[in-house]
There are 2 protein chains.
Amino acid sequence: MSNLHDHDATTLIAAVDLGGTNIRAALCDANGHILKRTRQLTRPAEGAEAVLNRIAESVHAVLPAGGAVRGVGVASPGPINPYSGVVLYAANLFWKDVPLRDSLGQRLRLPVRVGNDANLAALGEQRFGAGRGHANIVFVTLSTGVGCGVILNNQLVLGARGLATEAGHMTVNVDGPPIISGVPGAFEGYVAGPGIAKMAQARVRATTGSPTSAKLLGLAGGDITQISAKNVGEAAQQGDALALEIVREVARITGLGFVNLLHLFDPEIVVVGGSVTLMGDVLLDAIRENMRHYAMAPYKDVPLVLAALGDDCGLLGAAALFADVDQRLDEPKLL
Amino acid sequence: MSNLHDHDATTLIAAVDLGGTNIRAALCDANGHILKRTRQLTRPAEGAEAVLNRIAESVHAVLPAGGAVRGVGVASPGPINPYSGVVLYAANLFWKDVPLRDSLGQRLRLPVRVGNDANLAALGEQRFGAGRGHANIVFVTLSTGVGCGVILNNQLVLGARGLATEAGHMTVNVDGPPIISGVPGAFEGYVAGPGIAKMAQARVRATTGSPTSAKLLGLAGGDITQISAKNVGEAAQQGDALALEIVREVARITGLGFVNLLHLFDPEIVVVGGSVTLMGDVLLDAIRENMRHYAMAPYKDVPLVLAALGDDCGLLGAAALFADVDQRLDEPKLL
């Protein structure tokens with residue numbers, strides 16, 4: 001929280017990170033500094049109108065005296081059409097076809113731009129975080145799901161409906177199980193937290209009684225069904241052989257998926273975030289090794305780095321929508 | 001071949017399609033009409049200088065009286081950096097790090113822009129062919145290999161080095177064999193001609209003696225090792241059960257790969273070309289069915305259409321480099 005008097009009103013931006021649990025809002029400058037912030041519960045069960053009113057309240061709470069900002073950037077969960085500003089659906093909000101941008105614009109009488117939270121996290125990391133200085137980045141978050149955003153030539157890759165870069169749904173095994181939205185062998189099914197937990201549970205089941213499974217089982221309180229990705233990371237960091245084997249397999253598939261993204265998007269750098277990366281170098285170094293091994297020659301040295309903005313990536317990505325104007329997001333439709 | 005007098009000099013463009021066998025050149029207008037064309041053998045064994053001289057000769061042969069054109073667009077095989085104009089390597093030309101753009105510019109004293117042949121085929125189809133009217137298309141060619149180009153927001157997706165959209169190298173089976181550049185289960189290994197032939201040969205071997213293999217074997221002159229993708233298409237069109245089973249499996253993997261491209265690039269349309277598509281609707285309809293089945297809801301109606309420009313897609317894509325100026329390709333480096 002720094003001094004508001006240093007900032008001309010026209011450089012200030014209001015940013016909102018809308019989640020299923022919390023609505024976070026901040027006043028930012030065009031350099032990605034957060035000057036003021038607020039948070040309240042989302043309470044999605046009360047319906048979209050109530051949530052929209054709470055978002056407007058949160059924005060008012062961070063607006064500077066006089067209220068002058070360039071605009072309000074909003075990071076929203078779920079597939080969202082950033083051209084029309086409509087959230088197609090968001091399971092954790094119980095939303096379907098909610099005109100987020102226009103509903104907020106009417107309430108706030110300010111310019112509003114919206115984006116998918118993974119895309120805006122990517123934009124935040126590229127403008128203000130670990131991807132700073134690179135015009136071309138791939139950002140992936142490995143958490144309870146897989147999120148992805150790509151910036152090429154300093155612009156978000158959006159596609160016709162603004163839904164592009166859905167890397168979690170990328171099949172990496174055409175003969176794999178249809179866990180994610182019916183797509184066989186989808187990337188998310190292997191490398192997000194639930195997929196890692198499921199793999200670990202299956203391996204412990206297959207080795208029950210052997211000494212290698214004792215560590216993992218112990219961390220989960222003796223209940224195989226409670227073994228989590230976090231447990232796998234902890235056991236691997238302690239040198240547990242079975243956990244290390246699981247991490248190596250997760251890293252192989254993650255690395256191959258990232259190599260797909262290298263070959264398809266040709267970034268200068270890959271930025272990775274999310275709770276799964278808390279496993280640390282035991283996972284990250286193994287992913288790097290696979291990327292180097294499988295990538296075509298021009299990509300062997302593309303760095304894989306950790307996200308830098310933490311929980312603020314969505315807020316700062318939302319602010320970036322007004323920090324560097326992307327006119328496409330105000331157009332009613334594409335060319 | 002129409003009347004040159006109808007065209008103002010400033011709308012004319014020289015285009016070159018450089019291949020391992022032929023150098024093709026044409027004079028085009030900005031609407032993608034070919035006004036004059038020429039062809040000569042490439043003779044790559046004579047070395048890069050000789051080939052570059054022949055390209056310049058071919059361009060001179062199509063230049064209008066007075067020589068005034070907007071510029072010379074060149075489609076080249078192999079990975080190529082379109083920002084620097086350097087062909088990184090091209091196996092069928094025996095080239096490595098050849099500064100195609102600058103070498104031709106010196107010879108011709110005209111503005112030259114270059115691009116990878118698959119990217120420029122995509123651009124040609126988008127500007128003048130089956131993708132016309134769409135700002136966002138995915139183009140895939142299924143032939144002896146897999147080529148891919150993507151246009152989003154009316155611009156080629158190039159990436160940092162201009163090497164993006166290398167869909168043939170996309171792993172679609174992390175446990176598959178490392179046939180293509182060491183990448184396990186690469187898309188190209190399953191859906192390009194050699195992969196289809198290999199699958200057919202294996203299935204015929206496994207069913208030798210059964211009536212279903214007789215048709216395929218007959219088309220290949222009785223030699224299992226000579227069974228080609230073309231034979232598979234012919235036998236399938238004649239209703240052969242084994243061939244139809246092979247086509248269905250190829251279509252399943254092709255469809256899943258295309259669904260990856262839908263989820264990653266969010267196009268309005270997918271355009272597919274190349275010799276494998278000569279199999280016709282028996283293949284294409286099965287691919288469409290898989291795309292509809294596996295794509296997320298917003299993509300279920302994305303059309304899959306055949307390429308329209310045939311052998312001229314490279315020439316017309318090269319012409320498109322000057323038909324709608326993409327300034328990135330003249331910049332020494334990205335922002």
# chains A, B, ... in the order shown; residues from 1 in each chain; ligands from 1
>>> calpha_fit_and_write(fixed="chain B", moving="chain A", output="mmCIF file with C-alpha atoms, in the first residue's frame")
data_model
loop_
_atom_site.group_PDB
_atom_site.id
_atom_site.type_symbol
_atom_site.label_atom_id
_atom_site.label_comp_id
_atom_site.auth_asym_id
_atom_site.auth_seq_id
_atom_site.Cartn_x
_atom_site.Cartn_y
_atom_site.Cartn_z
ATOM 1 C CA MET A 1 -3.521 -16.443 -67.609
ATOM 2 C CA SER A 2 -5.441 -13.176 -67.986
ATOM 3 C CA ASN A 3 -4.712 -9.720 -69.237
ATOM 4 C CA LEU A 4 -1.830 -7.937 -67.546
ATOM 5 C CA HIS A 5 -3.087 -4.538 -68.686
ATOM 6 C CA ASP A 6 -5.967 -4.713 -66.201
ATOM 7 C CA HIS A 7 -3.572 -4.558 -63.288
ATOM 8 C CA ASP A 8 -1.854 -1.578 -61.880
ATOM 9 C CA ALA A 9 1.808 -2.430 -61.285
ATOM 10 C CA THR A 10 1.468 -1.798 -57.561
ATOM 11 C CA THR A 11 -1.062 -4.609 -57.121
ATOM 12 C CA LEU A 12 1.208 -7.241 -58.704
ATOM 13 C CA ILE A 13 3.158 -9.723 -56.624
ATOM 14 C CA ALA A 14 5.739 -12.344 -57.572
ATOM 15 C CA ALA A 15 5.380 -15.641 -55.745
ATOM 16 C CA VAL A 16 7.708 -18.620 -55.485
ATOM 17 C CA ASP A 17 7.029 -22.136 -54.235
ATOM 18 C CA LEU A 18 10.380 -23.761 -53.560
ATOM 19 C CA GLY A 19 10.338 -27.551 -53.373
ATOM 20 C CA GLY A 20 12.905 -30.317 -53.450
ATOM 21 C CA THR A 21 11.914 -31.234 -57.005
ATOM 22 C CA ASN A 22 10.533 -28.068 -58.609
ATOM 23 C CA ILE A 23 10.828 -24.322 -58.332
ATOM 24 C CA ARG A 24 7.481 -22.841 -59.260
ATOM 25 C CA ALA A 25 6.993 -19.121 -59.709
ATOM 26 C CA ALA A 26 3.996 -16.995 -60.576
ATOM 27 C CA LEU A 27 2.867 -13.458 -61.074
ATOM 28 C CA CYS A 28 -0.237 -12.849 -58.967
ATOM 29 C CA ASP A 29 -2.567 -10.014 -58.226
ATOM 30 C CA ALA A 30 -3.618 -8.995 -54.724
ATOM 31 C CA ASN A 31 -6.816 -11.034 -55.065
ATOM 32 C CA GLY A 32 -4.959 -14.290 -55.491
ATOM 33 C CA HIS A 33 -5.313 -14.622 -59.228
ATOM 34 C CA ILE A 34 -2.380 -16.171 -61.029
ATOM 35 C CA LEU A 35 -1.582 -14.185 -64.168
ATOM 36 C CA LYS A 36 1.524 -15.980 -65.366
ATOM 37 C CA ARG A 37 3.487 -18.977 -64.174
ATOM 38 C CA THR A 38 6.672 -20.899 -64.746
ATOM 39 C CA ARG A 39 8.391 -24.017 -63.435
ATOM 40 C CA GLN A 40 11.866 -25.518 -63.534
ATOM 41 C CA LEU A 41 13.725 -28.289 -61.756
ATOM 42 C CA THR A 42 15.316 -27.358 -58.417
ATOM 43 C CA ARG A 43 18.418 -29.584 -58.781
ATOM 44 C CA PRO A 44 19.377 -29.177 -55.107
ATOM 45 C CA ALA A 45 22.483 -31.346 -55.507
ATOM 46 C CA GLU A 46 24.114 -28.422 -57.337
ATOM 47 C CA GLY A 47 24.186 -26.434 -54.098
ATOM 48 C CA ALA A 48 22.384 -23.494 -52.515
ATOM 49 C CA GLU A 49 23.948 -20.805 -54.723
ATOM 50 C CA ALA A 50 22.782 -22.545 -57.887
ATOM 51 C CA VAL A 51 19.281 -22.976 -56.460
ATOM 52 C CA LEU A 52 19.135 -19.319 -55.396
ATOM 53 C CA ASN A 53 20.181 -18.295 -58.900
ATOM 54 C CA ARG A 54 17.451 -20.477 -60.383
ATOM 55 C CA ILE A 55 14.847 -18.943 -58.069
ATOM 56 C CA ALA A 56 15.921 -15.480 -59.227
ATOM 57 C CA GLU A 57 15.700 -16.639 -62.858
ATOM 58 C CA SER A 58 12.182 -17.958 -62.262
ATOM 59 C CA VAL A 59 11.106 -14.667 -60.718
ATOM 60 C CA HIS A 60 12.519 -12.728 -63.670
ATOM 61 C CA ALA A 61 10.571 -15.000 -65.990
ATOM 62 C CA VAL A 62 7.243 -13.951 -64.470
ATOM 63 C CA LEU A 63 7.911 -10.265 -63.722
ATOM 64 C CA PRO A 64 5.714 -7.876 -65.692
ATOM 65 C CA ALA A 65 7.177 -5.529 -68.294
ATOM 66 C CA GLY A 66 9.033 -2.837 -66.361
ATOM 67 C CA GLY A 67 9.504 -5.243 -63.463
ATOM 68 C CA ALA A 68 7.319 -3.387 -60.968
ATOM 69 C CA VAL A 69 5.872 -5.622 -58.245
ATOM 70 C CA ARG A 70 5.087 -5.045 -54.595
ATOM 71 C CA GLY A 71 7.549 -7.730 -53.720
ATOM 72 C CA VAL A 72 8.480 -11.379 -53.930
ATOM 73 C CA GLY A 73 6.901 -13.899 -51.550
ATOM 74 C CA VAL A 74 8.646 -17.251 -51.170
ATOM 75 C CA ALA A 75 7.296 -20.468 -49.669
ATOM 76 C CA SER A 76 10.168 -22.674 -48.547
ATOM 77 C CA PRO A 77 10.325 -26.166 -47.059
ATOM 78 C CA GLY A 78 11.814 -26.851 -43.650
ATOM 79 C CA PRO A 79 11.802 -24.862 -40.459
ATOM 80 C CA ILE A 80 12.462 -21.267 -41.366
ATOM 81 C CA ASN A 81 12.735 -18.120 -39.318
ATOM 82 C CA PRO A 82 10.420 -15.731 -41.160
ATOM 83 C CA TYR A 83 11.729 -12.741 -39.191
ATOM 84 C CA SER A 84 15.345 -13.248 -40.244
ATOM 85 C CA GLY A 85 14.496 -14.994 -43.526
ATOM 86 C CA VAL A 86 16.887 -17.860 -42.776
ATOM 87 C CA VAL A 87 16.006 -21.482 -43.632
ATOM 88 C CA LEU A 88 17.251 -23.405 -40.577
ATOM 89 C CA TYR A 89 17.369 -26.672 -42.459
ATOM 90 C CA ALA A 90 15.595 -28.343 -45.349
ATOM 91 C CA ALA A 91 16.434 -31.993 -45.829
ATOM 92 C CA ASN A 92 15.193 -32.192 -49.426
ATOM 93 C CA LEU A 93 17.350 -29.201 -50.417
ATOM 94 C CA PHE A 94 20.408 -30.229 -48.338
ATOM 95 C CA TRP A 95 20.181 -26.731 -46.797
ATOM 96 C CA LYS A 96 21.282 -25.601 -43.351
ATOM 97 C CA ASP A 97 21.112 -21.968 -42.236
ATOM 98 C CA VAL A 98 20.614 -20.529 -45.724
ATOM 99 C CA PRO A 99 19.747 -16.778 -45.664
ATOM 100 C CA LEU A 100 17.046 -17.189 -48.290
ATOM 101 C CA ARG A 101 15.434 -13.769 -47.961
ATOM 102 C CA ASP A 102 18.573 -11.669 -48.056
ATOM 103 C CA SER A 103 20.285 -13.760 -50.739
ATOM 104 C CA LEU A 104 17.268 -13.360 -53.009
ATOM 105 C CA GLY A 105 16.858 -9.700 -52.124
ATOM 106 C CA GLN A 106 20.433 -9.036 -53.249
ATOM 107 C CA ARG A 107 19.906 -10.901 -56.505
ATOM 108 C CA LEU A 108 16.519 -9.353 -57.316
ATOM 109 C CA ARG A 109 16.770 -5.887 -55.741
ATOM 110 C CA LEU A 110 13.136 -6.274 -54.721
ATOM 111 C CA PRO A 111 11.484 -6.644 -51.299
ATOM 112 C CA VAL A 112 11.403 -10.342 -50.391
ATOM 113 C CA ARG A 113 9.398 -12.108 -47.666
ATOM 114 C CA VAL A 114 9.658 -15.784 -46.886
ATOM 115 C CA GLY A 115 7.675 -18.343 -44.952
ATOM 116 C CA ASN A 116 7.414 -22.025 -44.192
ATOM 117 C CA ASP A 117 5.406 -23.815 -46.875
ATOM 118 C CA ALA A 118 2.789 -25.179 -44.448
ATOM 119 C CA ASN A 119 2.275 -21.753 -42.864
ATOM 120 C CA LEU A 120 1.941 -20.115 -46.264
ATOM 121 C CA ALA A 121 -0.440 -22.804 -47.511
ATOM 122 C CA ALA A 122 -2.573 -21.935 -44.473
ATOM 123 C CA LEU A 123 -2.351 -18.247 -45.307
ATOM 124 C CA GLY A 124 -3.232 -18.930 -48.952
ATOM 125 C CA GLU A 125 -6.296 -20.983 -47.975
ATOM 126 C CA GLN A 126 -7.386 -18.309 -45.490
ATOM 127 C CA ARG A 127 -7.024 -15.366 -47.885
ATOM 128 C CA PHE A 128 -8.008 -16.974 -51.180
ATOM 129 C CA GLY A 129 -9.288 -20.513 -50.591
ATOM 130 C CA ALA A 130 -11.432 -22.657 -48.334
ATOM 131 C CA GLY A 131 -10.897 -20.435 -45.283
ATOM 132 C CA ARG A 132 -11.857 -17.220 -47.035
ATOM 133 C CA GLY A 133 -13.931 -14.905 -44.861
ATOM 134 C CA HIS A 134 -12.666 -16.422 -41.611
ATOM 135 C CA ALA A 135 -10.235 -14.503 -39.415
ATOM 136 C CA ASN A 136 -9.358 -17.648 -37.446
ATOM 137 C CA ILE A 137 -8.501 -20.912 -39.165
ATOM 138 C CA VAL A 138 -6.501 -24.058 -38.535
ATOM 139 C CA PHE A 139 -5.023 -25.615 -41.679
ATOM 140 C CA VAL A 140 -3.568 -29.119 -41.681
ATOM 141 C CA THR A 141 -2.068 -31.042 -44.546
ATOM 142 C CA LEU A 142 -1.953 -34.839 -44.287
ATOM 143 C CA SER A 143 0.505 -36.218 -46.778
ATOM 144 C CA THR A 144 3.887 -37.949 -46.428
ATOM 145 C CA GLY A 145 4.109 -35.795 -43.314
ATOM 146 C CA VAL A 146 1.810 -33.484 -41.379
ATOM 147 C CA GLY A 147 1.982 -29.758 -42.044
ATOM 148 C CA CYS A 148 0.065 -27.158 -40.089
ATOM 149 C CA GLY A 149 -0.522 -23.436 -40.110
ATOM 150 C CA VAL A 150 -2.843 -21.363 -37.954
ATOM 151 C CA ILE A 151 -4.256 -17.923 -38.590
ATOM 152 C CA LEU A 152 -5.766 -16.096 -35.628
ATOM 153 C CA ASN A 153 -7.170 -12.600 -35.824
ATOM 154 C CA ASN A 154 -6.099 -12.544 -39.497
ATOM 155 C CA GLN A 155 -2.423 -13.103 -38.622
ATOM 156 C CA LEU A 156 -0.250 -16.179 -38.926
ATOM 157 C CA VAL A 157 0.599 -17.699 -35.554
ATOM 158 C CA LEU A 158 4.395 -17.593 -35.772
ATOM 159 C CA GLY A 159 5.819 -17.573 -32.257
ATOM 160 C CA ALA A 160 9.172 -16.250 -31.136
ATOM 161 C CA ARG A 161 11.254 -18.007 -33.806
ATOM 162 C CA GLY A 162 8.499 -18.331 -36.417
ATOM 163 C CA LEU A 163 8.375 -22.096 -35.865
ATOM 164 C CA ALA A 164 4.985 -22.419 -34.159
ATOM 165 C CA THR A 165 2.095 -24.770 -35.033
ATOM 166 C CA GLU A 166 4.310 -27.824 -35.582
ATOM 167 C CA ALA A 167 1.320 -30.138 -35.100
ATOM 168 C CA GLY A 168 3.011 -33.173 -36.639
ATOM 169 C CA HIS A 169 5.294 -33.354 -33.606
ATOM 170 C CA MET A 170 2.426 -33.118 -31.099
ATOM 171 C CA THR A 171 2.454 -36.222 -28.914
ATOM 172 C CA VAL A 172 -0.984 -37.801 -28.876
ATOM 173 C CA ASN A 173 0.269 -40.906 -27.097
ATOM 174 C CA VAL A 174 2.873 -40.485 -24.376
ATOM 175 C CA ASP A 175 3.356 -44.255 -24.396
ATOM 176 C CA GLY A 176 3.643 -44.493 -28.188
ATOM 177 C CA PRO A 177 6.718 -45.299 -30.279
ATOM 178 C CA PRO A 178 9.279 -42.506 -30.896
ATOM 179 C CA ILE A 179 8.950 -42.528 -34.689
ATOM 180 C CA ILE A 180 8.974 -38.770 -35.375
ATOM 181 C CA SER A 181 12.087 -36.917 -34.131
ATOM 182 C CA GLY A 182 12.168 -39.031 -30.968
ATOM 183 C CA VAL A 183 8.825 -37.689 -29.699
ATOM 184 C CA PRO A 184 6.741 -40.626 -28.443
ATOM 185 C CA GLY A 185 3.414 -41.068 -30.161
ATOM 186 C CA ALA A 186 3.738 -37.999 -32.397
ATOM 187 C CA PHE A 187 0.588 -37.163 -34.393
ATOM 188 C CA GLU A 188 2.405 -37.475 -37.715
ATOM 189 C CA GLY A 189 3.380 -41.068 -36.952
ATOM 190 C CA TYR A 190 -0.288 -42.115 -36.966
ATOM 191 C CA VAL A 191 -2.071 -39.944 -39.509
ATOM 192 C CA ALA A 192 0.381 -39.200 -42.325
ATOM 193 C CA GLY A 193 0.710 -41.614 -45.244
ATOM 194 C CA PRO A 194 3.653 -43.701 -43.944
ATOM 195 C CA GLY A 195 1.981 -44.193 -40.538
ATOM 196 C CA ILE A 196 -1.278 -45.305 -42.153
ATOM 197 C CA ALA A 197 0.629 -47.706 -44.424
ATOM 198 C CA LYS A 198 2.506 -49.140 -41.461
ATOM 199 C CA MET A 199 -0.729 -49.652 -39.502
ATOM 200 C CA ALA A 200 -2.335 -51.353 -42.516
ATOM 201 C CA GLN A 201 0.684 -53.617 -43.061
ATOM 202 C CA ALA A 202 0.617 -54.684 -39.413
ATOM 203 C CA ARG A 203 -3.106 -55.459 -39.521
ATOM 204 C CA VAL A 204 -2.856 -57.427 -42.751
ATOM 205 C CA ARG A 205 0.059 -59.383 -41.293
ATOM 206 C CA ALA A 206 -2.064 -60.174 -38.251
ATOM 207 C CA THR A 207 -4.979 -61.380 -40.404
ATOM 208 C CA THR A 208 -3.177 -63.096 -43.277
ATOM 209 C CA GLY A 209 -5.279 -65.850 -44.748
ATOM 210 C CA SER A 210 -8.556 -64.245 -43.752
ATOM 211 C CA PRO A 211 -10.808 -62.910 -46.523
ATOM 212 C CA THR A 212 -10.683 -59.323 -45.216
ATOM 213 C CA SER A 213 -7.027 -58.933 -46.017
ATOM 214 C CA ALA A 214 -7.240 -60.186 -49.606
ATOM 215 C CA LYS A 215 -8.477 -56.900 -51.070
ATOM 216 C CA LEU A 216 -5.754 -54.768 -49.542
ATOM 217 C CA LEU A 217 -3.092 -57.283 -50.361
ATOM 218 C CA GLY A 218 -4.316 -57.495 -53.955
ATOM 219 C CA LEU A 219 -4.136 -53.714 -54.413
ATOM 220 C CA ALA A 220 -0.505 -53.869 -53.250
ATOM 221 C CA GLY A 221 0.401 -56.548 -55.785
ATOM 222 C CA GLY A 222 0.435 -59.268 -53.154
ATOM 223 C CA ASP A 223 3.336 -57.707 -51.207
ATOM 224 C CA ILE A 224 2.436 -56.736 -47.639
ATOM 225 C CA THR A 225 5.346 -54.277 -47.447
ATOM 226 C CA GLN A 226 3.939 -52.407 -50.456
ATOM 227 C CA ILE A 227 0.530 -51.674 -48.909
ATOM 228 C CA SER A 228 0.113 -47.883 -48.982
ATOM 229 C CA ALA A 229 -2.276 -45.326 -47.527
ATOM 230 C CA LYS A 230 -3.672 -44.994 -51.047
ATOM 231 C CA ASN A 231 -4.453 -48.741 -51.095
ATOM 232 C CA VAL A 232 -6.250 -48.383 -47.767
ATOM 233 C CA GLY A 233 -8.409 -45.602 -49.200
ATOM 234 C CA GLU A 234 -9.205 -47.552 -52.341
ATOM 235 C CA ALA A 235 -10.119 -50.714 -50.422
ATOM 236 C CA ALA A 236 -12.225 -48.743 -47.943
ATOM 237 C CA GLN A 237 -14.111 -47.025 -50.765
ATOM 238 C CA GLN A 238 -14.853 -50.515 -52.111
ATOM 239 C CA GLY A 239 -16.282 -51.496 -48.725
ATOM 240 C CA ASP A 240 -13.439 -53.753 -47.559
ATOM 241 C CA ALA A 241 -14.010 -54.436 -43.863
ATOM 242 C CA LEU A 242 -10.379 -54.406 -42.735
ATOM 243 C CA ALA A 243 -9.624 -51.230 -44.680
ATOM 244 C CA LEU A 244 -12.700 -49.569 -43.159
ATOM 245 C CA GLU A 245 -11.506 -50.586 -39.707
ATOM 246 C CA ILE A 246 -8.095 -49.003 -40.405
ATOM 247 C CA VAL A 247 -9.719 -45.826 -41.731
ATOM 248 C CA ARG A 248 -11.892 -45.615 -38.611
ATOM 249 C CA GLU A 249 -8.826 -45.863 -36.367
ATOM 250 C CA VAL A 250 -6.926 -43.265 -38.425
ATOM 251 C CA ALA A 251 -9.998 -41.011 -38.276
ATOM 252 C CA ARG A 252 -10.252 -41.433 -34.501
ATOM 253 C CA ILE A 253 -6.652 -40.324 -33.942
ATOM 254 C CA THR A 254 -6.881 -37.595 -36.580
ATOM 255 C CA GLY A 255 -10.112 -36.362 -35.005
ATOM 256 C CA LEU A 256 -8.576 -36.315 -31.529
ATOM 257 C CA GLY A 257 -5.534 -34.425 -32.838
ATOM 258 C CA PHE A 258 -7.812 -31.905 -34.553
ATOM 259 C CA VAL A 259 -9.789 -31.551 -31.304
ATOM 260 C CA ASN A 260 -6.501 -30.684 -29.578
ATOM 261 C CA LEU A 261 -6.065 -27.946 -32.174
ATOM 262 C CA LEU A 262 -9.643 -26.724 -31.617
ATOM 263 C CA HIS A 263 -9.085 -26.549 -27.859
ATOM 264 C CA LEU A 264 -5.693 -24.859 -28.245
ATOM 265 C CA PHE A 265 -6.371 -22.391 -31.082
ATOM 266 C CA ASP A 266 -10.168 -21.878 -31.121
ATOM 267 C CA PRO A 267 -10.618 -21.495 -34.893
ATOM 268 C CA GLU A 268 -13.870 -20.902 -36.785
ATOM 269 C CA ILE A 269 -13.024 -23.583 -39.307
ATOM 270 C CA VAL A 270 -10.522 -26.368 -39.934
ATOM 271 C CA VAL A 271 -9.198 -26.744 -43.479
ATOM 272 C CA VAL A 272 -7.538 -30.022 -44.390
ATOM 273 C CA GLY A 273 -5.532 -30.888 -47.471
ATOM 274 C CA GLY A 274 -2.877 -33.292 -48.664
ATOM 275 C CA SER A 275 -2.800 -36.633 -50.422
ATOM 276 C CA VAL A 276 -4.343 -38.572 -47.517
ATOM 277 C CA THR A 277 -7.573 -36.594 -47.976
ATOM 278 C CA LEU A 278 -7.935 -38.192 -51.415
ATOM 279 C CA MET A 279 -9.537 -41.045 -49.450
ATOM 280 C CA GLY A 280 -12.579 -38.755 -49.509
ATOM 281 C CA ASP A 281 -15.670 -38.842 -47.349
ATOM 282 C CA VAL A 282 -14.996 -42.321 -45.986
ATOM 283 C CA LEU A 283 -12.167 -40.664 -44.031
ATOM 284 C CA LEU A 284 -13.424 -37.092 -43.717
ATOM 285 C CA ASP A 285 -16.873 -37.968 -42.390
ATOM 286 C CA ALA A 286 -15.308 -40.239 -39.788
ATOM 287 C CA ILE A 287 -12.931 -37.459 -38.706
ATOM 288 C CA ARG A 288 -15.882 -35.061 -38.464
ATOM 289 C CA GLU A 289 -17.775 -37.554 -36.296
ATOM 290 C CA ASN A 290 -14.828 -37.829 -33.896
ATOM 291 C CA MET A 291 -14.394 -34.057 -33.757
ATOM 292 C CA ARG A 292 -18.048 -33.588 -32.908
ATOM 293 C CA HIS A 293 -17.878 -36.340 -30.311
ATOM 294 C CA TYR A 294 -14.763 -35.208 -28.459
ATOM 295 C CA ALA A 295 -14.788 -31.410 -28.791
ATOM 296 C CA MET A 296 -16.039 -29.165 -26.001
ATOM 297 C CA ALA A 297 -19.542 -27.823 -26.568
ATOM 298 C CA PRO A 298 -18.596 -24.514 -28.247
ATOM 299 C CA TYR A 299 -16.593 -26.392 -30.911
ATOM 300 C CA LYS A 300 -18.994 -29.154 -31.878
ATOM 301 C CA ASP A 301 -20.097 -27.319 -35.004
ATOM 302 C CA VAL A 302 -16.710 -26.133 -36.241
ATOM 303 C CA PRO A 303 -16.666 -27.239 -39.889
ATOM 304 C CA LEU A 304 -13.941 -29.441 -41.319
ATOM 305 C CA VAL A 305 -13.570 -28.587 -45.006
ATOM 306 C CA LEU A 306 -11.250 -29.632 -47.797
ATOM 307 C CA ALA A 307 -8.523 -27.277 -48.986
ATOM 308 C CA ALA A 308 -9.470 -25.506 -52.194
ATOM 309 C CA LEU A 309 -6.221 -24.318 -53.753
ATOM 310 C CA GLY A 310 -4.567 -27.650 -54.505
ATOM 311 C CA ASP A 311 -0.966 -27.376 -55.657
ATOM 312 C CA ASP A 312 -1.213 -23.592 -55.817
ATOM 313 C CA CYS A 313 -1.681 -23.113 -52.061
ATOM 314 C CA GLY A 314 2.025 -22.426 -51.497
ATOM 315 C CA LEU A 315 2.269 -19.952 -54.382
ATOM 316 C CA LEU A 316 -0.861 -18.102 -53.313
ATOM 317 C CA GLY A 317 0.210 -18.073 -49.666
ATOM 318 C CA ALA A 318 3.537 -16.598 -50.727
ATOM 319 C CA ALA A 319 1.639 -13.963 -52.716
ATOM 320 C CA ALA A 320 -0.504 -13.253 -49.639
ATOM 321 C CA LEU A 321 2.609 -12.065 -47.807
ATOM 322 C CA PHE A 322 2.367 -8.954 -49.975
ATOM 323 C CA ALA A 323 -1.388 -8.933 -50.549
ATOM 324 C CA ASP A 324 -2.008 -7.976 -46.936
ATOM 325 C CA VAL A 325 1.151 -6.622 -45.424
ATOM 326 C CA ASP A 326 2.241 -8.360 -42.243
ATOM 327 C CA GLN A 327 4.823 -5.947 -40.920
ATOM 328 C CA ARG A 328 6.207 -8.468 -38.447
ATOM 329 C CA LEU A 329 7.918 -10.264 -41.298
ATOM 330 C CA ASP A 330 10.045 -7.265 -42.148
ATOM 331 C CA GLU A 331 11.178 -6.635 -38.605
ATOM 332 C CA PRO A 332 14.655 -7.782 -37.683
ATOM 333 C CA LYS A 333 13.331 -9.024 -34.350
ATOM 334 C CA LEU A 334 10.239 -9.045 -32.199
ATOM 335 C CA LEU A 335 9.311 -6.374 -29.694
#
>>> select_by_dssp(residues="segment 240-297 of chain B", states="strand (DSSP E or B)", output="list in words")
Ile269, Val270, Val271, Val272 and Gly273 of chain B
